[in-house]
Amino acid sequence: TFNSKVFSSSYASSIRNYGTLTFNSNDIFRPPYQGSQNVFLNYSGSTVNYDANSISAGDFPIPKNGYYNLNISGNADCNGDLTIYENWTNNGIFTSSITGNTVTFNGSSAQNFSGSGTSNFKNMNLNNTNGLNLNAGNINIDEILSSTSGTITQNGANLNLTSLSDNNAGAVKINSSLDYSYSSGNFTANRFYNGTSDGWRMVAAPIKNATLADWDDEFIYCGITAGIGNFSAASCGGFNSVYVYNESAANPTVDDGLIAISSLSQNVSNATGTLIYTSSGATTVSVTGSPEFTNIAKPITSINDGWNLVANPYPSTLDWTNGSTGFYDDNSTLIDNSRWVYSADAANYLSSTNDIPHSQGFWVKTSSGGNLNYSVSQTIASQADFTKSVNGINHPLKLKVISDTNSYYDFAYILASSDCSNDYDQGKDIFKFFSPYPDYVPNIYLLDNQGNQLDRTCINNNQSENLQLQVNVGKFAPGNYTIQFEDLNQFMIGSCLQFEDLHNGVLTDLRQDSNYTFLSDTNAPNPRFLLHISVDYDILVTNSTCYDDSSASITFKGSNLNGNYFNLYDIYGNMIDSLQVTSDSVVFSYLSSGVYNYQTSHSGSCNPQNQDIYVLQPEEVIANFTTISDTFFLDTNSNRS
């Protein structure tokens with residue numbers, strides 16, 4: 001039993017625990033002497049009892065190699081990563097105090113978590129094929145509960161996925177439905193949001209068999225008379241505040257598919273998307289029950305326009321795409337490469353290919369109908385928010401329309417790739433989902449060669465194009481409107497971008513000016529605008545293959561370049577190299593990552609100014625492990641001995 005400080009000035013000294021140690025003081029290991037991570041080690045079968053009360057962050061000692069059996073009856077504040085090899089009993093309070101801290105259960109036999117106390121984890125990970133039993137206690141997860149290997153069994157503990165700020169909530173990452181087994185105890189998922197405007201919220205429950213009754217204390221419903229503080233539709237001026245959607249009934253308009261809900265028993269789980277109108281302000285949507293981790297085949301239809309309202313069914317973040325096992329990857333033959341979520345601030349449905357947070361409803365568009373496949377293998381351990389030339393990055397050109405009439409806005413996007421055309425490209429182009437308030441809210445969209453109205457279009461990065469663009473202005477919101485062009489410097493480097501207003505003939509060089517303002521006019525042609533994209537030559541970037549090396553290159557390629565000079569500059573204006581084209585291309589090799597610009601003697605139609613060439617590098621790989629001996633061996637199965 002240690003009642004006060006233990007210290008050493010040498011790394012050679014150590015405390016090696018083969019039995020039972022009890023810490024009655026929060027001041028056992030203290031600088032300027034050796035800390036616990038340098039001199040404190042535990043061994044198989046050992047136990048540590050922490051009966052002290054932390055008075056500052058990091059009082060709880062972190063061993064060099066982790067704990068085997070850990071019992072806490074005091075107040076433990078831990079500011080680092082921690083490993084547990086056998087069992088954890090918490091009858092006090094344990095807190096991981098630093099964002100990113102991870103407690104890992106890494107035993108070689110089944111491990112148990114028990115006790116009547118409260119454990120506040122940032123990240124909690126299981127890396128034990130024999131599993132972890134959550135038998136008792138209150139467990140709060142601020143970031144991620146995950147299983148690298150083994151099954152997490154909840155059979156008595158209360159597990160709470162916390163959420164205290166926008167776009168952050170505790171979540172679960174497992175590799176298959178077999179990695180989480182629920183039998184008893186409360187599993188609660190929370191989702192905080194702070195609405196700056198009144199409007200529709202697209203929400204869902206990651207809990208099996210959840211209904212609107214689970215949210216009765218969070219929302220005031222119109223059109224539902226049961227419950228606490230709710231009102232009939234008549235009492236709300238004929239307004240219903242809760243809708244689900246039936247695509248097969250969406251005729252003759254998209255809005256005809258909306259179904260008003262009048263019962264608290266309406267299901268909000270199993271990937272069912274729900275529209276709920278709420279006021280502005282802070283809300284935490286909370287639901288308790290059995291967590292959803294089963295694979296789901298959700299039927300969607302294309303009897304009419306193919307819009308379907310669905311949701312993320314899991315208490316996890318859905319990866320939209322990683323090229324193999326993301327949600328869109330598994331459904332790419334069925335839906336367009338986008339999801340749409342209503343923004344109350346914009347009063348519009350905004351498209352996105354970002355990952356999908358838990359408790360989020362969203363729209364998808366299908367042209368064929370079928371089963372939308374959900375799987376926990378599509379989830380990831382991270383949070384998610386509620387091009388002509390091949391640059392090192394491939395940002396789309398982002399168009400935003402705003403006005404001086406009201407605060408509403410809308411977006412459209414243009415991408416460039418070698419495998420796109422100005423026809424409709426399945427999986428690349430996505431359709432426009434227009435605002436439900438068209439009399440007041442602007443909508444901006446592009447038209448392809450086939451007349452499709454597109455929220456996002458992808459064009460060929462080797463061809464000159466004339467893109468048609470239209471802004472629909474609400475009939476009750478006339479005034480001055482501005483189109484803002486974002487990421488111009490990174491879009492189709494080497495090309496000319498000129499924006500033409502067909503109503504008044506004004507031509508704007510977007511390489512010099514990123515905004516265009518116009519007066520709404522009902523006599524204007526439809527479409528009103530043309531974006532002229534002209535190509536003189538290609539600029540191709542090969543990114544670095546390793547961190548901080550010089551393996552990158554930039555190639556200028558095109559006809560009639562022979563004999564011209566190209567000068568390459570870094571972001572500070574220093575000339576990196578000057579080369580003369582001897583054929584139809586020139587290559588700047590042995591480059592490091594960074595942002596580059598160029599000048600040329602080639603007399604073309606495009607101005608090289610305000611065009612940034614990005615060269616990227618992979619992340620740095622840093623060895624980060626500890627071992628209690630100076631030598632260890634790996635056998636043919638990669639097991640350490």
# chains A, B, ... in the order shown; residues from 1 in each chain; ligands from 1
$ select_by_dssp --residues "segment 147-233 of chain A" --states "strand (DSSP E or B)" --output "PDB file with N, CA, C and O atoms, in the first residue's frame"
ATOM      1  N   SER A 147     -14.543  -2.424 -31.712  1.00  0.00           N
ATOM      2  CA  SER A 147     -13.978  -3.763 -31.585  1.00  0.00           C
ATOM      3  C   SER A 147     -13.049  -3.996 -32.761  1.00  0.00           C
ATOM      4  O   SER A 147     -13.491  -4.059 -33.911  1.00  0.00           O
ATOM      5  N   THR A 148     -11.759  -4.120 -32.461  1.00  0.00           N
ATOM      6  CA  THR A 148     -10.805  -4.536 -33.490  1.00  0.00           C
ATOM      7  C   THR A 148     -10.942  -6.027 -33.720  1.00  0.00           C
ATOM      8  O   THR A 148     -10.878  -6.515 -34.854  1.00  0.00           O
ATOM      9  N   SER A 149     -11.120  -6.786 -32.620  1.00  0.00           N
ATOM     10  CA  SER A 149     -11.431  -8.210 -32.690  1.00  0.00           C
ATOM     11  C   SER A 149     -12.161  -8.600 -31.418  1.00  0.00           C
ATOM     12  O   SER A 149     -11.930  -8.019 -30.355  1.00  0.00           O
ATOM     13  N   ILE A 152     -18.184  -7.615 -28.033  1.00  0.00           N
ATOM     14  CA  ILE A 152     -18.573  -6.822 -26.866  1.00  0.00           C
ATOM     15  C   ILE A 152     -19.963  -7.289 -26.454  1.00  0.00           C
ATOM     16  O   ILE A 152     -20.917  -7.196 -27.233  1.00  0.00           O
ATOM     17  N   THR A 153     -20.080  -7.808 -25.224  1.00  0.00           N
ATOM     18  CA  THR A 153     -21.360  -8.315 -24.727  1.00  0.00           C
ATOM     19  C   THR A 153     -21.873  -7.394 -23.630  1.00  0.00           C
ATOM     20  O   THR A 153     -21.240  -7.264 -22.575  1.00  0.00           O
ATOM     21  N   GLN A 154     -23.015  -6.762 -23.870  1.00  0.00           N
ATOM     22  CA  GLN A 154     -23.627  -5.890 -22.868  1.00  0.00           C
ATOM     23  C   GLN A 154     -24.685  -6.689 -22.121  1.00  0.00           C
ATOM     24  O   GLN A 154     -25.757  -6.981 -22.655  1.00  0.00           O
ATOM     25  N   ASN A 155     -24.374  -7.038 -20.870  1.00  0.00           N
ATOM     26  CA  ASN A 155     -25.316  -7.853 -20.101  1.00  0.00           C
ATOM     27  C   ASN A 155     -25.467  -7.304 -18.690  1.00  0.00           C
ATOM     28  O   ASN A 155     -25.259  -8.003 -17.711  1.00  0.00           O
ATOM     29  N   ASN A 158     -24.920  -0.072 -18.134  1.00  0.00           N
ATOM     30  CA  ASN A 158     -25.647   0.976 -18.847  1.00  0.00           C
ATOM     31  C   ASN A 158     -24.645   1.739 -19.713  1.00  0.00           C
ATOM     32  O   ASN A 158     -23.692   2.320 -19.195  1.00  0.00           O
ATOM     33  N   LEU A 159     -24.879   1.720 -21.024  1.00  0.00           N
ATOM     34  CA  LEU A 159     -23.943   2.342 -21.955  1.00  0.00           C
ATOM     35  C   LEU A 159     -24.601   3.546 -22.612  1.00  0.00           C
ATOM     36  O   LEU A 159     -25.702   3.432 -23.162  1.00  0.00           O
ATOM     37  N   ASN A 160     -23.922   4.687 -22.537  1.00  0.00           N
ATOM     38  CA  ASN A 160     -24.489   5.946 -23.011  1.00  0.00           C
ATOM     39  C   ASN A 160     -23.561   6.581 -24.038  1.00  0.00           C
ATOM     40  O   ASN A 160     -22.395   6.875 -23.731  1.00  0.00           O
ATOM     41  N   LEU A 161     -24.047   6.781 -25.268  1.00  0.00           N
ATOM     42  CA  LEU A 161     -23.305   7.503 -26.295  1.00  0.00           C
ATOM     43  C   LEU A 161     -23.629   8.978 -26.134  1.00  0.00           C
ATOM     44  O   LEU A 161     -24.714   9.426 -26.481  1.00  0.00           O
ATOM     45  N   SER A 165     -22.279  18.631 -28.363  1.00  0.00           N
ATOM     46  CA  SER A 165     -22.050  19.720 -29.309  1.00  0.00           C
ATOM     47  C   SER A 165     -22.421  19.267 -30.707  1.00  0.00           C
ATOM     48  O   SER A 165     -22.511  18.065 -30.994  1.00  0.00           O
ATOM     49  N   ASN A 168     -20.781  16.193 -33.112  1.00  0.00           N
ATOM     50  CA  ASN A 168     -20.002  15.280 -32.281  1.00  0.00           C
ATOM     51  C   ASN A 168     -20.946  14.462 -31.410  1.00  0.00           C
ATOM     52  O   ASN A 168     -21.802  15.014 -30.722  1.00  0.00           O
ATOM     53  N   ALA A 171     -20.195   7.094 -30.694  1.00  0.00           N
ATOM     54  CA  ALA A 171     -20.635   6.159 -31.727  1.00  0.00           C
ATOM     55  C   ALA A 171     -19.950   4.820 -31.520  1.00  0.00           C
ATOM     56  O   ALA A 171     -19.021   4.685 -30.715  1.00  0.00           O
ATOM     57  N   VAL A 172     -20.413   3.820 -32.264  1.00  0.00           N
ATOM     58  CA  VAL A 172     -19.879   2.466 -32.166  1.00  0.00           C
ATOM     59  C   VAL A 172     -19.298   2.071 -33.518  1.00  0.00           C
ATOM     60  O   VAL A 172     -19.910   2.314 -34.564  1.00  0.00           O
ATOM     61  N   LYS A 173     -18.113   1.452 -33.503  1.00  0.00           N
ATOM     62  CA  LYS A 173     -17.533   0.899 -34.717  1.00  0.00           C
ATOM     63  C   LYS A 173     -17.217  -0.578 -34.488  1.00  0.00           C
ATOM     64  O   LYS A 173     -16.367  -0.928 -33.673  1.00  0.00           O
ATOM     65  N   TYR A 180     -21.131  -7.299 -31.543  1.00  0.00           N
ATOM     66  CA  TYR A 180     -21.840  -6.681 -30.420  1.00  0.00           C
ATOM     67  C   TYR A 180     -23.044  -7.535 -30.077  1.00  0.00           C
ATOM     68  O   TYR A 180     -23.902  -7.799 -30.927  1.00  0.00           O
ATOM     69  N   SER A 181     -23.107  -7.958 -28.811  1.00  0.00           N
ATOM     70  CA  SER A 181     -24.227  -8.775 -28.340  1.00  0.00           C
ATOM     71  C   SER A 181     -24.911  -8.043 -27.188  1.00  0.00           C
ATOM     72  O   SER A 181     -24.276  -7.730 -26.182  1.00  0.00           O
ATOM     73  N   TYR A 182     -26.198  -7.771 -27.336  1.00  0.00           N
ATOM     74  CA  TYR A 182     -26.955  -7.048 -26.310  1.00  0.00           C
ATOM     75  C   TYR A 182     -27.936  -7.995 -25.635  1.00  0.00           C
ATOM     76  O   TYR A 182     -28.705  -8.691 -26.297  1.00  0.00           O
ATOM     77  N   SER A 183     -27.905  -8.010 -24.279  1.00  0.00           N
ATOM     78  CA  SER A 183     -28.890  -8.807 -23.545  1.00  0.00           C
ATOM     79  C   SER A 183     -29.605  -7.996 -22.480  1.00  0.00           C
ATOM     80  O   SER A 183     -30.809  -8.183 -22.272  1.00  0.00           O
ATOM     81  N   SER A 184     -28.894  -7.073 -21.786  1.00  0.00           N
ATOM     82  CA  SER A 184     -29.561  -6.284 -20.747  1.00  0.00           C
ATOM     83  C   SER A 184     -28.753  -5.036 -20.447  1.00  0.00           C
ATOM     84  O   SER A 184     -27.596  -4.892 -20.853  1.00  0.00           O
ATOM     85  N   PHE A 187     -28.970   0.888 -23.309  1.00  0.00           N
ATOM     86  CA  PHE A 187     -28.119   1.412 -24.382  1.00  0.00           C
ATOM     87  C   PHE A 187     -28.803   2.678 -24.878  1.00  0.00           C
ATOM     88  O   PHE A 187     -29.923   2.628 -25.404  1.00  0.00           O
ATOM     89  N   THR A 188     -28.130   3.835 -24.710  1.00  0.00           N
ATOM     90  CA  THR A 188     -28.745   5.115 -25.051  1.00  0.00           C
ATOM     91  C   THR A 188     -27.893   5.840 -26.084  1.00  0.00           C
ATOM     92  O   THR A 188     -26.680   6.003 -25.901  1.00  0.00           O
ATOM     93  N   ALA A 189     -28.534   6.262 -27.158  1.00  0.00           N
ATOM     94  CA  ALA A 189     -27.864   7.050 -28.198  1.00  0.00           C
ATOM     95  C   ALA A 189     -28.392   8.481 -28.157  1.00  0.00           C
ATOM     96  O   ALA A 189     -29.606   8.699 -28.158  1.00  0.00           O
ATOM     97  N   ASN A 190     -27.486   9.447 -28.114  1.00  0.00           N
ATOM     98  CA  ASN A 190     -27.846  10.865 -28.090  1.00  0.00           C
ATOM     99  C   ASN A 190     -27.305  11.561 -29.332  1.00  0.00           C
ATOM    100  O   ASN A 190     -26.239  11.221 -29.839  1.00  0.00           O
ATOM    101  N   ARG A 191     -28.035  12.565 -29.784  1.00  0.00           N
ATOM    102  CA  ARG A 191     -27.575  13.402 -30.898  1.00  0.00           C
ATOM    103  C   ARG A 191     -27.978  14.837 -30.614  1.00  0.00           C
ATOM    104  O   ARG A 191     -29.148  15.181 -30.614  1.00  0.00           O
ATOM    105  N   PHE A 192     -26.966  15.681 -30.351  1.00  0.00           N
ATOM    106  CA  PHE A 192     -27.195  17.103 -30.083  1.00  0.00           C
ATOM    107  C   PHE A 192     -27.154  17.888 -31.391  1.00  0.00           C
ATOM    108  O   PHE A 192     -26.324  17.627 -32.256  1.00  0.00           O
ATOM    109  N   TYR A 193     -28.063  18.850 -31.527  1.00  0.00           N
ATOM    110  CA  TYR A 193     -27.943  19.829 -32.617  1.00  0.00           C
ATOM    111  C   TYR A 193     -28.482  21.160 -32.116  1.00  0.00           C
ATOM    112  O   TYR A 193     -29.325  21.224 -31.228  1.00  0.00           O
ATOM    113  N   ASN A 194     -27.971  22.215 -32.683  1.00  0.00           N
ATOM    114  CA  ASN A 194     -28.403  23.563 -32.314  1.00  0.00           C
ATOM    115  C   ASN A 194     -28.908  24.251 -33.577  1.00  0.00           C
ATOM    116  O   ASN A 194     -28.119  24.733 -34.397  1.00  0.00           O
ATOM    117  N   GLY A 195     -30.211  24.239 -33.777  1.00  0.00           N
ATOM    118  CA  GLY A 195     -30.791  24.818 -34.987  1.00  0.00           C
ATOM    119  C   GLY A 195     -30.800  26.331 -34.935  1.00  0.00           C
ATOM    120  O   GLY A 195     -31.340  26.923 -34.004  1.00  0.00           O
ATOM    121  N   GLY A 199     -37.305  24.904 -38.786  1.00  0.00           N
ATOM    122  CA  GLY A 199     -37.323  24.157 -40.039  1.00  0.00           C
ATOM    123  C   GLY A 199     -37.429  22.668 -39.824  1.00  0.00           C
ATOM    124  O   GLY A 199     -37.589  22.177 -38.696  1.00  0.00           O
ATOM    125  N   TRP A 200     -37.355  21.935 -40.924  1.00  0.00           N
ATOM    126  CA  TRP A 200     -37.483  20.486 -40.907  1.00  0.00           C
ATOM    127  C   TRP A 200     -36.172  19.854 -40.478  1.00  0.00           C
ATOM    128  O   TRP A 200     -35.108  20.240 -40.940  1.00  0.00           O
ATOM    129  N   ARG A 201     -36.249  18.876 -39.584  1.00  0.00           N
ATOM    130  CA  ARG A 201     -35.087  18.088 -39.176  1.00  0.00           C
ATOM    131  C   ARG A 201     -35.279  16.664 -39.714  1.00  0.00           C
ATOM    132  O   ARG A 201     -36.373  16.100 -39.630  1.00  0.00           O
ATOM    133  N   MET A 202     -34.211  16.119 -40.253  1.00  0.00           N
ATOM    134  CA  MET A 202     -34.256  14.769 -40.823  1.00  0.00           C
ATOM    135  C   MET A 202     -33.547  13.847 -39.849  1.00  0.00           C
ATOM    136  O   MET A 202     -32.315  13.781 -39.820  1.00  0.00           O
ATOM    137  N   VAL A 203     -34.325  13.155 -39.017  1.00  0.00           N
ATOM    138  CA  VAL A 203     -33.776  12.393 -37.906  1.00  0.00           C
ATOM    139  C   VAL A 203     -34.213  10.933 -37.999  1.00  0.00           C
ATOM    140  O   VAL A 203     -35.134  10.580 -38.730  1.00  0.00           O
ATOM    141  N   ILE A 207     -31.930   2.630 -32.714  1.00  0.00           N
ATOM    142  CA  ILE A 207     -32.394   1.674 -31.708  1.00  0.00           C
ATOM    143  C   ILE A 207     -33.543   0.861 -32.306  1.00  0.00           C
ATOM    144  O   ILE A 207     -34.434   1.417 -32.955  1.00  0.00           O
ATOM    145  N   THR A 211     -40.009   4.484 -31.643  1.00  0.00           N
ATOM    146  CA  THR A 211     -41.154   5.182 -32.226  1.00  0.00           C
ATOM    147  C   THR A 211     -41.090   6.666 -31.877  1.00  0.00           C
ATOM    148  O   THR A 211     -40.241   7.108 -31.089  1.00  0.00           O
ATOM    149  N   CYS A 222     -47.346  18.594 -34.035  1.00  0.00           N
ATOM    150  CA  CYS A 222     -48.624  19.048 -34.578  1.00  0.00           C
ATOM    151  C   CYS A 222     -49.213  17.926 -35.417  1.00  0.00           C
ATOM    152  O   CYS A 222     -48.509  17.358 -36.268  1.00  0.00           O
ATOM    153  N   PHE A 231     -50.344  18.825 -30.199  1.00  0.00           N
ATOM    154  CA  PHE A 231     -51.543  19.512 -30.674  1.00  0.00           C
ATOM    155  C   PHE A 231     -52.114  18.797 -31.896  1.00  0.00           C
ATOM    156  O   PHE A 231     -51.383  18.161 -32.664  1.00  0.00           O
TER     157      PHE A 231
END
$ residues_around --residues "Tyr68 of chain A" --least-positions-apart "6" --cutoff "6 Å" --atoms "only C-alpha atoms" --output "list in words"
Ser46, Ile84, Tyr85 and Glu86 of chain A
$ write_last_selection --atoms "N, CA, C and O atoms" --output "compact mmCIF listing (two decimals), in the first residue's frame"
# COMPACT_ATOMS: atom_id res chain seq x y z
N SER A 46 -1.57 -9.80 -11.62
CA SER A 46 -1.43 -8.72 -10.65
C SER A 46 -2.71 -7.89 -10.56
O SER A 46 -3.56 -7.92 -11.46
N ILE A 84 -5.77 -2.65 -20.65
CA ILE A 84 -6.21 -3.57 -19.60
C ILE A 84 -6.11 -4.99 -20.15
O ILE A 84 -6.66 -5.29 -21.22
N TYR A 85 -5.41 -5.89 -19.40
CA TYR A 85 -5.18 -7.24 -19.89
C TYR A 85 -6.11 -8.27 -19.25
O TYR A 85 -6.26 -9.37 -19.78
N GLU A 86 -6.71 -7.93 -18.09
CA GLU A 86 -7.62 -8.89 -17.46
C GLU A 86 -8.95 -8.19 -17.13
O GLU A 86 -9.68 -7.86 -18.06
$ closest_residue --among "A:Gly563, A:Gly150, A:Gly115, A:Gly74" --to "Gly131 of chain A" --atoms "only C-alpha atoms"
A:Gly150
$ residues_around --residues "Leu132 of chain A" --least-positions-apart "5" --cutoff "6 Å" --atoms "only C-alpha atoms" --output "list in words"
Ala110, Gln111, Asn112 and Ile152 of chain A
$ atom_distance --atom1 "atom CA of Phe431 of chain A" --atom2 "atom CA of Trp363 of chain A"
11.8 Å
$ closest_residue --among "A:Thr151, A:Ser269, A:Asn337, A:Gln599" --to "Thr457 of chain A" --atoms "only C-alpha atoms"
A:Asn337
$ closest_residue --among "A:Asn489, A:Ser589, A:Asn53, A:Asn295" --to "Leu397 of chain A" --atoms "only C-alpha atoms"
A:Asn489
$ atom_distance --atom1 "atom CA of Ser343 of chain A" --atom2 "atom CA of Lys398 of chain A"
17.1 Å
$ closest_atom_pairs --of "segment 346-385 of chain A" --to "segment 411-429 of chain A" --cutoff "12 Å" --atoms "only C-alpha atoms" --output "CSV"
residue,atom,partner,partner_atom,distance
A:Ala346,CA,A:Phe411,CA,9.5
A:Ala347,CA,A:Phe411,CA,11.7
A:Asn348,CA,A:Phe411,CA,9.2
A:Tyr349,CA,A:Phe411,CA,9.5
A:Leu350,CA,A:Phe411,CA,7.1
A:Ser351,CA,A:Phe411,CA,8.3
A:Ser352,CA,A:Tyr413,CA,10.3
A:Thr353,CA,A:Lys428,CA,11.1
A:Lys365,CA,A:Gly427,CA,11.1
A:Thr366,CA,A:Gln426,CA,10.8
A:Ser367,CA,A:Gln426,CA,10.1
$ write_last_selection --atoms "all heavy atoms" --output "mmCIF file, in the first residue's frame"
data_model
loop_
_atom_site.group_PDB
_atom_site.id
_atom_site.type_symbol
_atom_site.label_atom_id
_atom_site.label_comp_id
_atom_site.auth_asym_id
_atom_site.auth_seq_id
_atom_site.Cartn_x
_atom_site.Cartn_y
_atom_site.Cartn_z
ATOM 1 N N ALA A 346 -30.791 27.261 -45.300
ATOM 2 C CA ALA A 346 -30.885 27.470 -46.748
ATOM 3 C C ALA A 346 -32.308 27.337 -47.257
ATOM 4 O O ALA A 346 -32.621 27.822 -48.346
ATOM 5 C CB ALA A 346 -29.994 26.465 -47.484
ATOM 6 N N ALA A 347 -33.181 26.665 -46.465
ATOM 7 C CA ALA A 347 -34.543 26.302 -46.897
ATOM 8 C C ALA A 347 -34.483 25.476 -48.169
ATOM 9 O O ALA A 347 -35.327 25.590 -49.052
ATOM 10 C CB ALA A 347 -35.413 27.541 -47.086
ATOM 11 N N ASN A 348 -33.452 24.627 -48.260
ATOM 12 C CA ASN A 348 -33.200 23.823 -49.441
ATOM 13 C C ASN A 348 -32.718 22.441 -49.036
ATOM 14 O O ASN A 348 -32.174 22.244 -47.941
ATOM 15 C CB ASN A 348 -32.127 24.474 -50.327
ATOM 16 C CG ASN A 348 -32.701 25.062 -51.597
ATOM 17 O OD1 ASN A 348 -33.489 24.410 -52.272
ATOM 18 N ND2 ASN A 348 -32.319 26.282 -51.920
ATOM 19 N N TYR A 349 -32.883 21.475 -49.949
ATOM 20 C CA TYR A 349 -32.241 20.184 -49.815
ATOM 21 C C TYR A 349 -30.833 20.293 -50.400
ATOM 22 O O TYR A 349 -30.674 20.561 -51.595
ATOM 23 C CB TYR A 349 -33.032 19.102 -50.540
ATOM 24 C CG TYR A 349 -34.390 18.836 -49.932
ATOM 25 C CD1 TYR A 349 -35.556 19.189 -50.603
ATOM 26 C CD2 TYR A 349 -34.491 18.229 -48.687
ATOM 27 C CE1 TYR A 349 -36.801 18.938 -50.035
ATOM 28 C CE2 TYR A 349 -35.741 17.982 -48.117
ATOM 29 C CZ TYR A 349 -36.883 18.339 -48.802
ATOM 30 O OH TYR A 349 -38.114 18.100 -48.240
ATOM 31 N N LEU A 350 -29.800 20.080 -49.584
ATOM 32 C CA LEU A 350 -28.421 20.213 -50.021
ATOM 33 C C LEU A 350 -27.806 18.837 -50.214
ATOM 34 O O LEU A 350 -27.937 17.951 -49.372
ATOM 35 C CB LEU A 350 -27.606 21.016 -49.001
ATOM 36 C CG LEU A 350 -28.128 22.427 -48.696
ATOM 37 C CD1 LEU A 350 -27.191 23.139 -47.731
ATOM 38 C CD2 LEU A 350 -28.306 23.247 -49.977
ATOM 39 N N SER A 351 -27.111 18.669 -51.309
ATOM 40 C CA SER A 351 -26.502 17.381 -51.638
ATOM 41 C C SER A 351 -25.146 17.238 -50.965
ATOM 42 O O SER A 351 -24.485 18.220 -50.625
ATOM 43 C CB SER A 351 -26.337 17.239 -53.154
ATOM 44 O OG SER A 351 -25.404 18.196 -53.640
ATOM 45 N N SER A 352 -24.722 15.989 -50.785
ATOM 46 C CA SER A 352 -23.435 15.728 -50.157
ATOM 47 C C SER A 352 -23.011 14.294 -50.423
ATOM 48 O O SER A 352 -23.853 13.404 -50.586
ATOM 49 C CB SER A 352 -23.518 15.960 -48.642
ATOM 50 O OG SER A 352 -22.320 15.580 -48.003
ATOM 51 N N THR A 353 -21.702 14.075 -50.466
ATOM 52 C CA THR A 353 -21.147 12.717 -50.478
ATOM 53 C C THR A 353 -20.318 12.492 -49.214
ATOM 54 O O THR A 353 -19.448 11.625 -49.186
ATOM 55 C CB THR A 353 -20.284 12.480 -51.726
ATOM 56 O OG1 THR A 353 -19.259 13.488 -51.801
ATOM 57 C CG2 THR A 353 -21.123 12.530 -52.986
ATOM 58 N N LYS A 365 -31.807 8.997 -54.452
ATOM 59 C CA LYS A 365 -32.566 8.933 -55.709
ATOM 60 C C LYS A 365 -32.172 7.675 -56.462
ATOM 61 O O LYS A 365 -30.990 7.388 -56.643
ATOM 62 C CB LYS A 365 -32.306 10.153 -56.584
ATOM 63 C CG LYS A 365 -33.277 10.251 -57.775
ATOM 64 C CD LYS A 365 -33.071 11.514 -58.562
ATOM 65 C CE LYS A 365 -34.229 11.738 -59.547
ATOM 66 N NZ LYS A 365 -34.461 10.608 -60.440
ATOM 67 N N THR A 366 -33.196 6.924 -56.889
ATOM 68 C CA THR A 366 -32.966 5.703 -57.640
ATOM 69 C C THR A 366 -33.717 5.762 -58.962
ATOM 70 O O THR A 366 -34.795 6.360 -59.052
ATOM 71 C CB THR A 366 -33.408 4.462 -56.844
ATOM 72 O OG1 THR A 366 -33.178 3.291 -57.631
ATOM 73 C CG2 THR A 366 -34.879 4.532 -56.471
ATOM 74 N N SER A 367 -33.151 5.140 -59.980
ATOM 75 C CA SER A 367 -33.828 5.060 -61.281
ATOM 76 C C SER A 367 -34.322 3.650 -61.563
ATOM 77 O O SER A 367 -34.952 3.406 -62.589
ATOM 78 C CB SER A 367 -32.867 5.491 -62.400
ATOM 79 O OG SER A 367 -31.692 4.690 -62.392
#
$ residues_around --residues "Gly505 of chain A" --least-positions-apart "5" --cutoff "10 Å" --atoms "only C-alpha atoms" --output "CSV table (one decimal) with N, CA and C atoms, in the first residue's frame"
chain,number,residue,atom,x,y,z
A,499,PHE,N,-17.7,33.4,-67.7
A,499,PHE,CA,-19.1,33.3,-67.3
A,499,PHE,C,-20.0,34.3,-68.1
A,500,GLU,N,-21.0,33.8,-68.8
A,500,GLU,CA,-21.7,34.7,-69.7
A,500,GLU,C,-23.2,34.8,-69.2
A,529,PHE,N,-27.6,31.5,-68.1
A,529,PHE,CA,-26.1,31.6,-68.1
A,529,PHE,C,-25.4,30.5,-68.8
$ atom_distance --atom1 "atom CA of Ser302 of chain A" --atom2 "atom CA of Glu247 of chain A"
7.1 Å
$ residues_around --residues "Asp217 of chain A" --least-positions-apart "6" --cutoff "12 Å" --atoms "only C-alpha atoms" --output "JSON, numbers by chain"
{"A": [227, 228, 229, 230, 264, 283, 284, 285, 286, 287]}
$ decode --residues "segment 549-554 of chain A" --atoms "N, CA and C atoms" --output "mmCIF file, in the first residue's frame"
data_model
loop_
_atom_site.group_PDB
_atom_site.id
_atom_site.type_symbol
_atom_site.label_atom_id
_atom_site.label_comp_id
_atom_site.auth_asym_id
_atom_site.auth_seq_id
_atom_site.Cartn_x
_atom_site.Cartn_y
_atom_site.Cartn_z
ATOM 1 N N ASP A 549 9.282 13.246 -49.185
ATOM 2 C CA ASP A 549 10.293 12.908 -50.185
ATOM 3 C C ASP A 549 10.166 13.845 -51.378
ATOM 4 N N SER A 550 10.887 13.571 -52.449
ATOM 5 C CA SER A 550 10.885 14.426 -53.645
ATOM 6 C C SER A 550 10.555 13.592 -54.877
ATOM 7 N N SER A 551 9.503 12.788 -54.763
ATOM 8 C CA SER A 551 9.139 11.895 -55.863
ATOM 9 C C SER A 551 8.018 12.431 -56.728
ATOM 10 N N ALA A 552 7.486 13.626 -56.418
ATOM 11 C CA ALA A 552 6.352 14.166 -57.167
ATOM 12 C C ALA A 552 6.814 14.805 -58.477
ATOM 13 N N SER A 553 5.848 15.016 -59.365
ATOM 14 C CA SER A 553 6.154 15.677 -60.640
ATOM 15 C C SER A 553 4.924 16.411 -61.157
ATOM 16 N N ILE A 554 5.172 17.401 -62.022
ATOM 17 C CA ILE A 554 4.113 18.153 -62.698
ATOM 18 C C ILE A 554 4.423 18.151 -64.188
#
